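**Student:** Can you keep this structure in mind? I'll have questions shortly.
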Amino acid sequence: MQVRRVAVLGGGPGGLYAARLLKLADPACAVTVHEQGEPDATFGFGVGLAAGTQRKLEAADPDTLREIVATGYRHDMTMQVGSDVARVHNDRLVGVARTELLAILQRHAEKAGVELEFGCRRTVAELDADVVIAADGVSSATREDGPFGSRIETGRGLYLWCGTDFPLDDAVFAPVTTEHGVFVTHAYPYSGGRSTFLVETDEATWRRAGFDTADVPPDGSDEISLRYLQEAFAPLLRGRPLIGNRTRWLRFRTVRCDRWSDGRTVLLGDAAHTAHYSIGSGTKLAMEDAIALVEALREPEAFATYERVRRPAVERLQELSRRSQLWWESFAARQHLPVAQLMVAYMSRAGNVPLERFAITSPDVVAAAIGRHDEAAGVVDGVLERQPVPRGGLAPIDDVVVDPWDVAGDAVVARAQASGAAGFRLTGPADRGALLTRLDLAERIRLATHGFVEVDGPAELRDDLAAGLVSGRADRVTFSEGGA
Ligand SMILES: Cc1cc2nc3c(=O)[nH]c(=O)nc-3n(C[C@H](O)[C@H](O)[C@H](O)COP(=O)(O)OP(=O)(O)OC[C@H]3O[C@@H](n4cnc5c(N)ncnc54)[C@H](O)[C@@H]3O)c2cc1C
């Protein structure tokens with residue numbers, strides 16, 4: 001594709017990175033980024049970049065990656081329930097301040113010859129260019145006003161994003177129960193003096209605490225909620241304050257589009273798609289989009305190539321993110337689990353961390369979860385061999401649901417409760433997605449009825465079935481293909 005002038009709408013990580021890569025690939029191309037905000041004004045705190053993303057950024061632009069990693073902050077990860085802690089070593093995840101990340105990307109874009117315009121809100125129509133890259137974020141006006149077939153799904157939980165003025169020792173997942181219900185934080189250090197402190201809760205708790213009636217000024221923070229959470233999480237915060245930055249309760253919006261381009265305009269990053277914050281992938285997706293788009297611009301059918309290359313990876317992550325979101329939205333129901341078991345449940349929530357692999361990287365956590373210390377490798381076989389004896393008289397359940405925690409799930413649970421059965425056997429389709437959802441439905445039935453729950457699945461998905469046992473989603477599993 002012959003491109004001489006490119007306008008980038010939005011100076012977030014996706015837009016800035018695309019601009020720099022474009023200029024590096026083709027120095028003769030004139031590239032301008034139009035950002036409505038000022039260069040050093042951004043909302044938010046830190047974002048996380050995992051090892052896989054760092055490898056991709058390294059291959060695309062080693063100079064920028066080196067600087068990002070140099071400002072970043074490495075940390076382990078802990079699940080903390082009261083005084084019980086499970087720790088997972090993870091020194092390859094880097095937390096970076098969003099402000100720092102943007103400052104680096106701005107500097108590197110300028111160094112490559114990109115023009116940056118700040119302080120002006122623009123529309124695609126007023127930009128004079130061969131190609132417009134619309135990287136205008138989750139609330140993209142380009143997407144909303146254009147024929148991109150966008151769909152937005154709003155989460156049922158509420159979250160707010162704030163920070164601390166000291167670095168936590170690790171990334172921490174920690175629930176607290178107040179008189180109104182359960183709040184859980186996802187917090188992680190991202191610099192020598194700061195941590196991101198995200199808190200989420202369910203709608204009923206949020207209303208009981210009176211947060212639904214908060215009157216928050218457009219540029220201010222919800223100070224009442226911040227003071228409440230500061231008290232609730234005081235031990236974890238070591239008595240330090242929570243810091244707001246236009247902090248308010250939000251519902252997560254998952255964006256999907258039927259197509260990512262129209263004429264000379266192409267969507268990139270959050271404008272095209274979002275993935276729940278609990279898999280920490282928004283920045284990753286935006287920057288990886290930028291790499292793919294710039295490579296595709298060498299091809300004659302550039303936008304079609306970009307979409308063909310990126311869509312499968314984006315949709316895969318969106319499916320992981322959907323599962324992760326459902327797990328977090330139902331977190332309060334499983335906080336009674338011993339902390340090691342809760343950590344395994346967390347690690348297996350989206351189906352992307354095999355139990356066998358997790359047992360190798362975190363043998364102490366898995367050993368504590370299964371109550372045995374003699375199995376680091378081969379844990380799946382061990383767990384499956386030590387299953388309780390089969391039970392008869394289990395009521396069959398073969399419902400197929402998409403979301404075990406929505407009304408369809410409610411109906412299955414209500415029927416199970418009304419049946420008065422002492423146990424249930426869940427069967428269904430053999431594909432992996434269906435099995436993972438069946439295990440989640442089993443967990444919900446188990447929590448609601450306190451009955452014995454058996455789940456059937458294909459033998460080749462034995463890792464998922466074993467993870468279901470260890471994390472308390474099922475009491476027993478069987479193999480529909482007859483293997484074990
Ligand atoms: C609570 C929370 C936690 C998160 N945690 C993580 C994490 O741990 N790891 C991670 O990788 N990601 C995380 N993210 C996601 C991440 O912040 C975004 O996904 C990422 O910034 C997307 O990049 P982007 O460039 O597509 O859009 P954005 O960063 O949103 O940038 C869009 C830019 O466009 C500008 N703009 C919009 N409209 C116009 C216009 N008309 N004219 C000019 N400028 C315009 C905006 O001002 C903005 O600067 C988190 C997000 C949230 C909400």
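Residues are referred to by chain and number: the chain letter is A, B, ... according to the order shown in the structure tokens, the number counts from 1 in that chain, and ligands are numbered separately from 1 in the order shown.
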Could you please extract the residues within 6 Å of ligand 1, counting only C-alpha atoms and all ligand atoms, and hand them back as number ranges by chain?
**Tutor:** A: 9-15, 34-37, 47-49, 121-123, 135-138, 140, 161, 269-271, 277, 280-284, 286
**Student:** With only C-alpha atoms as the counted atoms, please give the residues lying no more than 9 Å from range 385-390 of chain A, apart from itself and same-chain residues fewer than 2 positions off, as a list in words.
**Tutor:**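 In the requested form, the answer reads Val380, Asp381, Gly382, Val383, Gly392, Glu454, Leu469, Asp475, Arg476, Val477 and Ala484 of chain A.
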**Student:** Convert the current residue selection to file output with all heavy atoms, as a PDB file, in the first residue's frame.
**Tutor:**
ATOM      1  N   VAL A 380      -1.024 -34.007  37.840  1.00  0.00           N
ATOM      2  CA  VAL A 380      -2.342 -34.294  37.274  1.00  0.00           C
ATOM      3  C   VAL A 380      -2.687 -35.774  37.487  1.00  0.00           C
ATOM      4  O   VAL A 380      -3.777 -36.112  37.954  1.00  0.00           O
ATOM      5  CB  VAL A 380      -2.377 -33.907  35.777  1.00  0.00           C
ATOM      6  CG1 VAL A 380      -3.609 -34.461  35.088  1.00  0.00           C
ATOM      7  CG2 VAL A 380      -2.335 -32.391  35.644  1.00  0.00           C
ATOM      8  N   ASP A 381      -1.733 -36.670  37.174  1.00  0.00           N
ATOM      9  CA  ASP A 381      -1.978 -38.105  37.375  1.00  0.00           C
ATOM     10  C   ASP A 381      -2.312 -38.389  38.828  1.00  0.00           C
ATOM     11  O   ASP A 381      -3.258 -39.109  39.137  1.00  0.00           O
ATOM     12  CB  ASP A 381      -0.731 -38.918  36.984  1.00  0.00           C
ATOM     13  CG  ASP A 381      -0.573 -38.977  35.471  1.00  0.00           C
ATOM     14  OD1 ASP A 381      -1.557 -38.666  34.773  1.00  0.00           O
ATOM     15  OD2 ASP A 381       0.528 -39.293  35.001  1.00  0.00           O
ATOM     16  N   GLY A 382      -1.518 -37.784  39.723  1.00  0.00           N
ATOM     17  CA  GLY A 382      -1.716 -38.027  41.149  1.00  0.00           C
ATOM     18  C   GLY A 382      -3.106 -37.604  41.598  1.00  0.00           C
ATOM     19  O   GLY A 382      -3.805 -38.342  42.293  1.00  0.00           O
ATOM     20  N   VAL A 383      -3.507 -36.417  41.166  1.00  0.00           N
ATOM     21  CA  VAL A 383      -4.819 -35.886  41.574  1.00  0.00           C
ATOM     22  C   VAL A 383      -5.947 -36.786  41.039  1.00  0.00           C
ATOM     23  O   VAL A 383      -6.905 -37.093  41.747  1.00  0.00           O
ATOM     24  CB  VAL A 383      -4.984 -34.438  41.050  1.00  0.00           C
ATOM     25  CG1 VAL A 383      -6.422 -33.975  41.121  1.00  0.00           C
ATOM     26  CG2 VAL A 383      -4.075 -33.499  41.816  1.00  0.00           C
ATOM     27  N   GLY A 392     -23.307 -43.281  43.587  1.00  0.00           N
ATOM     28  CA  GLY A 392     -24.500 -43.518  42.770  1.00  0.00           C
ATOM     29  C   GLY A 392     -25.542 -42.471  43.114  1.00  0.00           C
ATOM     30  O   GLY A 392     -25.335 -41.625  43.988  1.00  0.00           O
ATOM     31  N   GLU A 454     -20.109 -34.271  40.291  1.00  0.00           N
ATOM     32  CA  GLU A 454     -19.205 -35.006  39.401  1.00  0.00           C
ATOM     33  C   GLU A 454     -19.307 -34.376  38.004  1.00  0.00           C
ATOM     34  O   GLU A 454     -20.388 -34.019  37.566  1.00  0.00           O
ATOM     35  CB  GLU A 454     -19.669 -36.463  39.348  1.00  0.00           C
ATOM     36  CG  GLU A 454     -18.777 -37.374  38.558  1.00  0.00           C
ATOM     37  CD  GLU A 454     -19.239 -38.826  38.707  1.00  0.00           C
ATOM     38  OE1 GLU A 454     -18.858 -39.474  39.701  1.00  0.00           O
ATOM     39  OE2 GLU A 454     -19.995 -39.291  37.842  1.00  0.00           O
ATOM     40  N   LEU A 469     -10.695 -30.248  39.954  1.00  0.00           N
ATOM     41  CA  LEU A 469     -10.719 -30.922  41.266  1.00  0.00           C
ATOM     42  C   LEU A 469      -9.927 -30.130  42.301  1.00  0.00           C
ATOM     43  O   LEU A 469     -10.407 -29.876  43.403  1.00  0.00           O
ATOM     44  CB  LEU A 469     -10.089 -32.321  41.145  1.00  0.00           C
ATOM     45  CG  LEU A 469     -10.904 -33.392  40.414  1.00  0.00           C
ATOM     46  CD1 LEU A 469     -10.048 -34.642  40.215  1.00  0.00           C
ATOM     47  CD2 LEU A 469     -12.169 -33.714  41.196  1.00  0.00           C
ATOM     48  N   ASP A 475     -16.106 -32.434  42.772  1.00  0.00           N
ATOM     49  CA  ASP A 475     -15.622 -33.393  43.767  1.00  0.00           C
ATOM     50  C   ASP A 475     -15.000 -34.604  43.105  1.00  0.00           C
ATOM     51  O   ASP A 475     -14.170 -35.281  43.685  1.00  0.00           O
ATOM     52  CB  ASP A 475     -16.799 -33.860  44.639  1.00  0.00           C
ATOM     53  CG  ASP A 475     -17.361 -32.710  45.438  1.00  0.00           C
ATOM     54  OD1 ASP A 475     -16.724 -32.306  46.420  1.00  0.00           O
ATOM     55  OD2 ASP A 475     -18.428 -32.180  45.050  1.00  0.00           O
ATOM     56  N   ARG A 476     -15.476 -34.886  41.884  1.00  0.00           N
ATOM     57  CA  ARG A 476     -14.983 -36.065  41.176  1.00  0.00           C
ATOM     58  C   ARG A 476     -15.153 -35.797  39.682  1.00  0.00           C
ATOM     59  O   ARG A 476     -16.075 -35.086  39.280  1.00  0.00           O
ATOM     60  CB  ARG A 476     -15.820 -37.280  41.598  1.00  0.00           C
ATOM     61  CG  ARG A 476     -15.324 -38.591  41.042  1.00  0.00           C
ATOM     62  CD  ARG A 476     -16.120 -39.798  41.516  1.00  0.00           C
ATOM     63  NE  ARG A 476     -15.959 -40.841  40.518  1.00  0.00           N
ATOM     64  CZ  ARG A 476     -14.865 -41.596  40.405  1.00  0.00           C
ATOM     65  NH1 ARG A 476     -13.895 -41.469  41.274  1.00  0.00           N
ATOM     66  NH2 ARG A 476     -14.762 -42.471  39.423  1.00  0.00           N
ATOM     67  N   VAL A 477     -14.227 -36.352  38.863  1.00  0.00           N
ATOM     68  CA  VAL A 477     -14.380 -36.212  37.408  1.00  0.00           C
ATOM     69  C   VAL A 477     -14.333 -37.592  36.759  1.00  0.00           C
ATOM     70  O   VAL A 477     -13.716 -38.522  37.293  1.00  0.00           O
ATOM     71  CB  VAL A 477     -13.289 -35.305  36.789  1.00  0.00           C
ATOM     72  CG1 VAL A 477     -13.390 -33.894  37.340  1.00  0.00           C
ATOM     73  CG2 VAL A 477     -11.893 -35.861  36.997  1.00  0.00           C
ATOM     74  N   ALA A 484      -8.272 -42.647  31.519  1.00  0.00           N
ATOM     75  CA  ALA A 484      -8.116 -42.099  32.865  1.00  0.00           C
ATOM     76  C   ALA A 484      -6.687 -41.640  33.073  1.00  0.00           C
ATOM     77  O   ALA A 484      -5.821 -41.945  32.316  1.00  0.00           O
ATOM     78  CB  ALA A 484      -8.464 -43.129  33.916  1.00  0.00           C
TER      79      ALA A 484
END
**Student:** Could you pull out the residues in range 256-387 of chain A that DSSP calls helix (DSSP H, G or I) from the backbone, as an MDAnalysis selection string?
**Tutor:** chainID A and resid 269:271 277:279 282:296 302:329 331:334 339:347 355:361 363:370 379:385
**Student:** With range 300-304 of chain A as the partner and 12 Å as the cut-off, tabulate the residues of range 87-171 of chain A that qualify, each row holding the nearest pair of atoms and their distance in Å to one decimal, using only C-alpha atoms, sorted by chain and rising number, as CSV.
**Tutor:**
residue,atom,partner,partner_atom,distance
A:Val131,CA,A:Phe303,CA,10.3
A:Val132,CA,A:Phe303,CA,11.4
A:Ile133,CA,A:Phe303,CA,10.6
**Student:** Given only C-alpha atoms as the basis, pick out the residue of A:Val172, A:Ala18, A:Val413, A:Ala369 nearest to Phe197 in chain A.
**Tutor:** A:Val172
**Student:** State, in Å with one decimal place, the distance from CA of Glu203 in chain A to CA of Asp84 in chain A.
**Tutor:** 26.8 Å
**Student:** Ranking A:Cys162, A:Val379, A:Leu198, A:Ala275 by minimum distance to Pro241 in chain A and counting only C-alpha atoms, which one comes first?
**Tutor:**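 That would be A:Cys162, the residue with the smallest distance to Pro241 in chain A.
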**Student:** I want to know what sits within 8 Å of range 177-182 of chain A, based on only C-alpha atoms, with residues of the same chain fewer than 5 positions away left out; could you give that as a VMD selection string?
**Tutor:** chain A and resid 201 to 202 205 to 206 208 to 209 232 332
**Student:** In Å, how far is it from CA of Val31 in chain A to CA of Gly113 in chain A?
**Tutor:**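 Here the two named atoms are 7.9 Å from each other.
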**Student:** Report as a VMD selection string all protein, DNA and RNA residues lying within 12 Å of range 22-24 of chain A, evaluated on only C-alpha atoms, omitting residues in the same chain fewer than 2 positions from it.
**Tutor:** chain A and resid 3 to 8 15 to 20 26 to 33 60 to 61 63 108 to 115 131 133 290 to 298
**Student:** Near Tyr159 in chain A, counting only C-alpha atoms, which residues have an atom at most 8 Å away, once you skip same-chain residues fewer than 5 positions from it, shown as a PyMOL selection string?
**Tutor:** chain A and resi 198-201+249-252
**Student:** Hey, can you check how far CA of Arg156 in chain A sits from CA of Ala204 in chain A?
**Tutor:** 10.4 Å
**Student:** If you count only C-alpha atoms, which residues fall within 8 Å of Gly468 in chain A, apart from same-chain ones fewer than 6 positions away, as an NGL selection string?
**Tutor:** :A and (345 or 439 or 474)
**Student:** Please, which residues of range 211-288 of chain A, numbered as in this document, come out strand (DSSP E) from DSSP, as number ranges by chain?
**Tutor:** A: 242-243, 253-257, 261-262, 265-267
**Student:** Please save N, CA, C and O atoms of the selected residues as a PDB file, in the first residue's frame.
**Tutor:**
ATOM      1  N   LEU A 242      -5.207   6.110  50.124  1.00  0.00           N
ATOM      2  CA  LEU A 242      -5.410   5.761  48.715  1.00  0.00           C
ATOM      3  C   LEU A 242      -5.450   7.059  47.922  1.00  0.00           C
ATOM      4  O   LEU A 242      -6.069   8.043  48.354  1.00  0.00           O
ATOM      5  N   ILE A 243      -4.816   7.052  46.759  1.00  0.00           N
ATOM      6  CA  ILE A 243      -4.760   8.275  45.952  1.00  0.00           C
ATOM      7  C   ILE A 243      -5.700   8.123  44.761  1.00  0.00           C
ATOM      8  O   ILE A 243      -5.653   7.109  44.049  1.00  0.00           O
ATOM      9  N   ARG A 253     -16.311  -2.281  30.078  1.00  0.00           N
ATOM     10  CA  ARG A 253     -16.977  -2.394  28.776  1.00  0.00           C
ATOM     11  C   ARG A 253     -16.124  -3.233  27.831  1.00  0.00           C
ATOM     12  O   ARG A 253     -14.978  -2.867  27.551  1.00  0.00           O
ATOM     13  N   THR A 254     -16.679  -4.337  27.390  1.00  0.00           N
ATOM     14  CA  THR A 254     -15.978  -5.152  26.394  1.00  0.00           C
ATOM     15  C   THR A 254     -16.441  -4.709  25.018  1.00  0.00           C
ATOM     16  O   THR A 254     -17.637  -4.752  24.708  1.00  0.00           O
ATOM     17  N   VAL A 255     -15.477  -4.251  24.216  1.00  0.00           N
ATOM     18  CA  VAL A 255     -15.779  -3.749  22.872  1.00  0.00           C
ATOM     19  C   VAL A 255     -15.426  -4.824  21.846  1.00  0.00           C
ATOM     20  O   VAL A 255     -14.353  -5.418  21.911  1.00  0.00           O
ATOM     21  N   ARG A 256     -16.341  -5.068  20.929  1.00  0.00           N
ATOM     22  CA  ARG A 256     -16.052  -5.952  19.783  1.00  0.00           C
ATOM     23  C   ARG A 256     -16.561  -5.251  18.531  1.00  0.00           C
ATOM     24  O   ARG A 256     -17.562  -4.533  18.583  1.00  0.00           O
ATOM     25  N   CYS A 257     -15.856  -5.449  17.414  1.00  0.00           N
ATOM     26  CA  CYS A 257     -16.294  -4.838  16.146  1.00  0.00           C
ATOM     27  C   CYS A 257     -16.323  -5.897  15.049  1.00  0.00           C
ATOM     28  O   CYS A 257     -15.423  -6.740  14.992  1.00  0.00           O
ATOM     29  N   SER A 261     -11.849  -1.623   9.789  1.00  0.00           N
ATOM     30  CA  SER A 261     -11.462  -0.528   8.894  1.00  0.00           C
ATOM     31  C   SER A 261     -12.639  -0.115   8.030  1.00  0.00           C
ATOM     32  O   SER A 261     -13.591  -0.887   7.823  1.00  0.00           O
ATOM     33  N   ASP A 262     -12.536   1.107   7.528  1.00  0.00           N
ATOM     34  CA  ASP A 262     -13.552   1.650   6.630  1.00  0.00           C
ATOM     35  C   ASP A 262     -12.869   2.726   5.789  1.00  0.00           C
ATOM     36  O   ASP A 262     -12.400   3.727   6.332  1.00  0.00           O
ATOM     37  N   THR A 265      -9.696   4.684   6.994  1.00  0.00           N
ATOM     38  CA  THR A 265      -9.614   4.677   8.463  1.00  0.00           C
ATOM     39  C   THR A 265      -9.492   3.262   9.010  1.00  0.00           C
ATOM     40  O   THR A 265     -10.225   2.361   8.597  1.00  0.00           O
ATOM     41  N   VAL A 266      -8.574   3.089   9.958  1.00  0.00           N
ATOM     42  CA  VAL A 266      -8.402   1.769  10.563  1.00  0.00           C
ATOM     43  C   VAL A 266      -8.356   1.926  12.087  1.00  0.00           C
ATOM     44  O   VAL A 266      -7.727   2.841  12.607  1.00  0.00           O
ATOM     45  N   LEU A 267      -9.090   1.047  12.776  1.00  0.00           N
ATOM     46  CA  LEU A 267      -9.140   1.102  14.243  1.00  0.00           C
ATOM     47  C   LEU A 267      -7.974   0.320  14.837  1.00  0.00           C
ATOM     48  O   LEU A 267      -7.585  -0.727  14.295  1.00  0.00           O
TER      49      LEU A 267
END
**Student:** Measuring atom to atom with only C-alpha atoms, identify which of A:Val176, A:Ala97, A:Leu384, A:Ile397 is nearest to Tyr188 in chain A.
**Tutor:** A:Ala97
**Student:** Using only C-alpha atoms for the distances, tell me which of A:His273, A:Arg444, A:Arg207, A:Arg240 is nearest to Asp165 in chain A.
**Tutor:**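 Counting only C-alpha atoms, the residue closest to Asp165 in chain A is A:Arg240.
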**Student:** Just want the 8 Å neighbourhood of Arg74 in chain A, counted on only C-alpha atoms, with same-chain residues fewer than 3 positions away dropped. Output as a list in words.
**Tutor:**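 Skipping anything fewer than 3 positions along the chain leaves Asp91, Arg92, Leu93, Val94, Gly95 and Tyr190 of chain A.
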**Student:** Taking C-alpha atoms for each residue, export the selection above as a PDB file, in the first residue's frame.
**Tutor:**
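Output below, filename result-v6.pdb:
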ATOM      1  CA  ASP A  91       9.895 -11.944  37.855  1.00  0.00           C
ATOM      2  CA  ARG A  92       9.042 -11.542  34.181  1.00  0.00           C
ATOM      3  CA  LEU A  93       5.991  -9.334  34.644  1.00  0.00           C
ATOM      4  CA  VAL A  94       6.960  -5.661  34.611  1.00  0.00           C
ATOM      5  CA  GLY A  95       4.766  -2.947  36.084  1.00  0.00           C
ATOM      6  CA  TYR A 190       4.870  -0.122  39.359  1.00  0.00           C
TER       7      TYR A 190
END
